[in-house]
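Structure first, commentary second.
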Amino acid sequence: MIHDAQMDYYGTRLATCSSDRSVKIFDVRNGGQILIADLRGHEGPVWQVAWAHPMYGNILASCSYDRKVIIWREENGTWEKSHEHAGHDSSVNSVCWAPHDYGLILACGSSDGAISLLTYTGEGQWEVKKINNAHTIGCNAVSWAPAVVPGSLIDQPSGQKPNYIKRFASGGCDNLIKLWKEEEDGQWKEEQKLEAHSDWVRDVAWAPSIGLPTSTIASCSQDGRVFIWTCDDASSNTWSPKLLHKFNDVVWHVSWSITANILAVSGGDNKVTLWKESVDGQWVCISDVNKGQGSVSASVTEGQQNEQ
Amino acid sequence: MEKMSRVTTALGGSVLTGRTMHCHLDAPANAISVCRDAAQVVVAGRSIFKIYAIEEEQFVEKLNLRVGRKPSLNLSCADVVWHQMDENLLATAATNGVVVTWNLGRPSRNKQDQLFTEHKRTVNKVCFHPTEAHVLLSGSQDGFMKCFDLRRKDSVSTFSGQSESVRDVQFSIRDYFTFASTFENGNVQLWDIRRPDRCERMFTAHNGPVFCCDWHPEDRGWLATGGRDKMVKVWDMTTHRAKEMHCVQTIASVARVKWRPECRHHLATCSMMVDHNIYVWDVRRPFVPAAMFEEHRDVTTGIAWRHPHDPSFLLSGSKDSSLCQHLFRDASQPVERANPEGLCYGLFGDLAFAAKESLVAAESGRKPYTGDRRHPIFFKRKLDPAEPFAGLASSALSVFETEPGGGGMRWFVDTAERYALAGRPLAELCDHNAKVARELGRNQPWPSAHCKPQPQCGQGCSPQGLGLFNLKDMAPGLGSETRLDRSKGDARSDTVLLDSSATLITNEDNEETEGSDVPADYLLGDVEGEEDELYLLDPEHAHPEDPECVLPQEAFPLRHEIVDTPPGPEHLQDKADSPHVSGSEADVASLAPVDSSFSLLSVSHALYDSRLPPDFFGVLVRDMLHFYAEQGDVQMAVSVLIVLGERVRKDIDEQTQEHWYTSYIDLLQRFRLWNVSNEVVKLSTSRAVSCLNQASTTLHVNCSHCKRPMSSRGWVCDRCHRCASMCAVCHHVVKGLFVWCQGCSHGGHLQHIMKWLEGSSHCPAGCGHLCEYS
């Protein structure tokens with residue numbers, strides 16, 4: 001059973017992970033599907049994979065039921081295990097790379113309730129920070145905020161690394177979404193607790209910041225609801241939820257398009273729906289094609305064309 | 001049937017009740033075993049040997065079998081087993097190699113019955129015959145198995161595995177005479193109890209030691225084995241050759257395996273290191289445990305189902321000195337947590353979606369939407385060998401592609417590549433970009449930001465117009481001049497909206513939502529020359545008494561700004577002659593409309609007359625850019641920003657601009673549009689952005705004399721104390737373009753050398769070389 005599928009930065013490769021412990025990488029250019037690599041190393045079902053920014057090379061992280069996070073690296077065309085993180089006491093459910101501006105940082109959310117952050121410190125070394133008891137019963141998803149620099153950018157002397165505020169969101173079995181922020185001393189602190197779901201939060205997705213500095217997070221839950229959280233004013237840091245839709249089944253995933261204007265939602269009914277915010281701020285399902293609208297999108301849902 | 005009746009008798013028809021509970025033991029447990037009445041459990045360890053009664057709410061210590069002052073090594077138990085037919089009979093395997101039997105029916109405190117000291121090393125396992133009351137089997141580290149008849153003092157027979165240490169022995173439930181034994185070298189042997197000379201069958205089951213085995217209770221000849229290789233394998237022993245039926249992959253070495261009663265495919269396992277949990281697996285789903293018990297804090301050493309016909313109660317003992325009763329319904333179920341779907345938005349707007357195959361298959365009968373323009377470009381089917389789970393545990397993966405112009409991102413690439421950002425007069429840039437947008441079927445209002453000085457059309461009427469004209473029934477191919485005329489005409493009759501910034505937004509919103517290609521033109525008009533001059537001459541006038549009447553203020557700087565802008569002042573001057581042409585340029589985004597419903601809203605000049613806020617246009621453009629950025633089209637925002645340059649820059653705060661730039665550059669890089677990205681970086685006016693190009697460029701300078709790297713500062717080499725790169729002609733240090741002859745390595749200022757070479761082809765340094773420069 002495939003648990004996750006992720007396309008790489010350039011959209012040329014697709015990584016999938018499965019219960020059979022394997023992580024597979026496909027070349028999907030030109031509509032083809034060529035298996036490039038079959039990565040073996042996990043000892044349990046692999047829940048999620050994540051591609052790192054290509055500026056660090058071809059790096060893929062995978063997390064598994066075996067409590068491990070493995071970071072794979074391609075060198076000279078062959079994929080190999082580059083690092084193995086075994087710092088969790090239970091299944092690791094989610095991995096997410098930080099925006100490349102921060103360096104190579106990986107956030108991992110685990111069923112043991114902790115979130116660990118692996119930072120590459122060079123020469124094959126990874127520094128681990130752990131947030132214990134981030135979510136009671138377990139953490140199901142992590143998603144980084146896009147890199148936004150506080151205050152004025154222009155005052156930064158060129159060449160010096162801007163002082164980013166690192167943030168990420170996590171969703172867990174305590175029905176909460178939590179926002180975490182790195183303090184100046186490098187410690188991670190809970191910044192916000194977003195409460196609206198009535199069951200496990202299955203996925204959170206922080207929208208890419210293209211355009212205005214409004215922050216948007218999409219979250220979905222076991223309770224079938226999908227919320228869009230927005231924070232218009234970064235200083236006050238108040239987030240307001242808007243119910244996108246209540247589905248009749250578990251909603252497993254939410255995923256933003258790269259310009260952050262379309263949200264793909266996949267639910268337990270095996271449908272993918274695409275949503276777009278209309279002018280009046282309402283989210284509308286655009287996956288039903290309306291012929292009058294030549295624009296944005298076509299449909300995926302319902303008829304998964306089962307061609308084989 | 002025979003077995004069934006026996007058990008029912010044993011059960012006496014009573015129903016088991018209880019809850020998840022645990023009790024603390026005084027010492028770590030090594031093994032546990034349940035009495036056939038399902039009400040008592042014996043716990044044995046190095047320094048513990050007790051019987052507990054399992055009550056509804058708790059465990060109650062019933063009997064301590066470790067009696068006597070001097071602890072004997074015979075009491076250090078590696079294993080314990082309770083006879084399944086005789087409630088009073090127990091056997092323990094001691095770490096010193098002794099097999100002890102216990103008779104609870106003895107009246108004395110010491111219940112020890114018999115002592116067999118035949119094994120030389122630790123006995124790992126003892127096992128009673130399931131139906132024969134007096135037969136006991138033991139397996140030891142010394143590699144031997146012994147069969148005892150409890151009515152005799154010595155062993156009846158000895159079996160030599162001829163392999164390594166014996167880890168487990170289990171009587172078959174199916175065959176009266178058969179037992180299985182597992183070995184440290186990975187072998188499993190089948191023995192006939194009547195034939196101690198050699199085993200019936202032997203096969204290698206695991207890589208490394210096989211720690212445990214268990215016969216399937218429903219006597220179908222299935223044997224489950226668990227090994228250090230972290231696998232549990234299920235063998236069908238009925239066939240001639242042992243056939244591997246299932247293989248479960250756990251995350252740690254398997255120390256114990258026990259079939260779950262009444263559940264044909266379930267078995268419980270625990271590990272001997274690392275992992276403290278107990279798992280119940282469905283052998284058909286070999287990767288994710290069906291249930292997980294997480295109560296123990298240290299390695300679980302013994303597991304036993306409480307009753308051979310009750311699947312819900314599991315007892316366990318652990319190194320953490322606790323005894324637990326687990327209720328199946330309280331177990332956490334990792335399967336429930338498992339995410340059966342994967343979803344990912346690709347770069348080009350394509351979508352990868354993996355889902356449970358059963359669901360996909362169930363829906364395959366359904367017709368796809370007629371309007372569905374996405375196609376799965378591949379579809380993968382993973383077949384699970386386990387039939388009943390084939391639907392549940394396999395996934396289908398589809399990738400949906402978008403058509404160009406649909407939700408995809410091809411437009412982004414095309415637009416990025418074709419937009420002209422610089423190098424031409426402003427108007428041309430705008431026109432070009434508008435054309436590109438039109439060709440790509442996008443609806444972007446490229447401002448024909450002409451801002452030209454227009455000849456006066458009327459004294460009191462300032463042609464200050466950022467107008468949105470509503471054109472109706474207008475063929476796209478109309479000549480521009482006509483169009484302007486028409487638009488002007490229409491403007492008068494049409495609704496005139498004053499709040500033009502709001503109008504602009506609304507208008508664009510319409511485009512977006514209607515999806516039709518609606519042009520949203522606006523003209524940036526300017527005051528005509530005469531008025532300007534007037535104010536130029538009369539600066540006092542520039543600050544009118546009426547604070548609302550701020551036109552001069554605005555008109556003045558705006559015009560100057562425009563005239564000063566490098567791109568195409570001549571062009572503007574040229575056009576200045578014809579009043580109408582300026583309007584024609586305004587068409588920009590009048591695209592081939594789908595429904596031919598133009599909506600150009602016009603704002604009458606007169607109405608605007610000198611009442612515009614100072615940065616009216618800026619506001620408008622800013623709002624527009626913000627709008628686009630918000631719509632996820634940062635490309636538009638940045639392109640306009642670059643093309644309009646100084647005109648709008650001041651209206652949008654630096655940070656936002658920079659944010660747009662970086663976002664756009666990031667996007668471009670994702671699409672591998674390096675050239676475009678570089679151009680954007682180069683053209684951007686934001687310092688932080690333009691320095692991106694210099695971020696990773698380092699200049700290394702070596703001294704021309706000693707070839708050593710120069711220190712970062714100065715022009716004097718630290719080593720040879722000579723000035724580097726001296727001009728051979730003027731003997732000064734060259735701080736700029738340095739040309740040198742590759743033959744003699746002498747050189748100097750470009751100008752000097754060129755001049756020198758006009759007169760002589762010899763090296764100016766006097767080395768005699770005939771310098772060659774290409």
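Ordering of the structure tokens sets the chain letters (A, B, ...); residue numbers start at 1 within each chain; ligands are numbered from 1 in the order shown.
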
**Report entry** DSSP strand (DSSP E or B) residues within segment 2-197 of chain A, listed as number ranges by chain
**Finding:** A: 2-7, 13-18, 22-27, 34-40, 46-51, 59-64, 69-75, 78-85, 92-97, 105-110, 115-122, 125-131, 139-144, 167-172, 176-182, 188-195

Near Gln187 of chain A, within 9 Å and counting only C-alpha atoms, which residues show up once chain neighbours fewer than 4 positions away are dropped, as a PyMOL selection string? chain A and resi 129+131+181-183

Output of the above residues as a PDB file, in the first residue's frame, restricted to C-alpha atoms:
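Output file again07.pdb is given in full below:
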ATOM      1  CA  LYS A 129      16.712  18.872  18.632  1.00  0.00           C
ATOM      2  CA  ILE A 131      10.407  18.751  21.174  1.00  0.00           C
ATOM      3  CA  LYS A 181       8.774  29.003  16.408  1.00  0.00           C
ATOM      4  CA  GLU A 182      12.463  28.958  16.926  1.00  0.00           C
ATOM      5  CA  GLU A 183      13.526  31.260  19.697  1.00  0.00           C
TER       6      GLU A 183
END

Given only C-alpha atoms as the counted atoms, nearest of B:Arg285, B:His752, B:His307, B:Arg329 to chain A:
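When distances to chain A are compared using only C-alpha atoms, the smallest one comes from B:Arg285.
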
Self-check item: Ser91 of chain A surroundings by only C-alpha atoms, 8 Å radius, close-in-sequence under 2 positions cut, as a ChimeraX atom specification
Solution: /A:64-68,88-89,93,110-112

If we count only C-alpha atoms, what is near Val204 of chain A at a cut-off of 9 Å, once residues fewer than 6 positions away on the same chain are taken out, given as a ChimeraX atom specification? /A:140-143,169-171,177,217-221,253-255

For the atom pair atom CA of Ser94 of chain A and atom CA of Ala107 of chain A, what is the interatomic distance in Å to one decimal place?
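Separation between atom CA of Ser94 of chain A and atom CA of Ala107 of chain A: 8.0 Å.
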
- [ ] Record the distance separating atom CA of Ala422 of chain B and atom CA of Ala434 of chain B, expressed in Å with one decimal.
- [x]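 Straight-line distance from atom CA of Ala422 of chain B to atom CA of Ala434 of chain B works out to 14.3 Å.
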
What is the atom CA of Pro196 of chain B to atom CA of Ser76 of chain B distance in Å?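 The value is 28.7 Å.
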
Exercise: Gln162 of chain B partners within 12 Å, only C-alpha atoms, chain neighbours under 4 positions left out, as a PyMOL selection string:
chain B and resi 142-145+158+166+181-185+187-189+196-199+202

What's around Pro261 of chain B at 8 Å? Count only C-alpha atoms, leave out sequence neighbours fewer than 5 positions away in its own chain, and write the answer as a PyMOL selection string. chain B and resi 217+305+307-311

Can you spit out the residues from that selection as an mmCIF file, in the first residue's frame, using N, CA and C atoms?
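That gives us again-v1.cif:
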data_model
loop_
_atom_site.group_PDB
_atom_site.id
_atom_site.type_symbol
_atom_site.label_atom_id
_atom_site.label_comp_id
_atom_site.auth_asym_id
_atom_site.auth_seq_id
_atom_site.Cartn_x
_atom_site.Cartn_y
_atom_site.Cartn_z
ATOM 1 N N PRO B 217 -3.067 -23.460 16.623
ATOM 2 C CA PRO B 217 -3.963 -24.192 17.513
ATOM 3 C C PRO B 217 -5.059 -24.949 16.766
ATOM 4 N N TRP B 305 -1.759 -16.252 25.771
ATOM 5 C CA TRP B 305 -3.187 -15.941 25.700
ATOM 6 C C TRP B 305 -3.853 -16.594 26.890
ATOM 7 N N HIS B 307 -6.813 -17.712 27.618
ATOM 8 C CA HIS B 307 -7.607 -18.917 27.438
ATOM 9 C C HIS B 307 -7.483 -19.386 25.997
ATOM 10 N N PRO B 308 -7.326 -20.678 25.796
ATOM 11 C CA PRO B 308 -7.093 -21.151 24.425
ATOM 12 C C PRO B 308 -8.255 -20.896 23.471
ATOM 13 N N HIS B 309 -9.361 -20.451 23.970
ATOM 14 C CA HIS B 309 -10.442 -20.146 23.042
ATOM 15 C C HIS B 309 -10.960 -18.734 23.199
ATOM 16 N N ASP B 310 -10.183 -17.929 23.825
ATOM 17 C CA ASP B 310 -10.616 -16.542 23.980
ATOM 18 C C ASP B 310 -9.572 -15.617 23.380
ATOM 19 N N PRO B 311 -9.934 -14.901 22.333
ATOM 20 C CA PRO B 311 -8.947 -14.092 21.628
ATOM 21 C C PRO B 311 -8.677 -12.730 22.240
#

For chain B, which of A:Ala50, A:Ile2, A:Val28, A:Cys173 is the closest residue, counting only C-alpha atoms?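 The answer is A:Ile2, which sits nearest to chain B.
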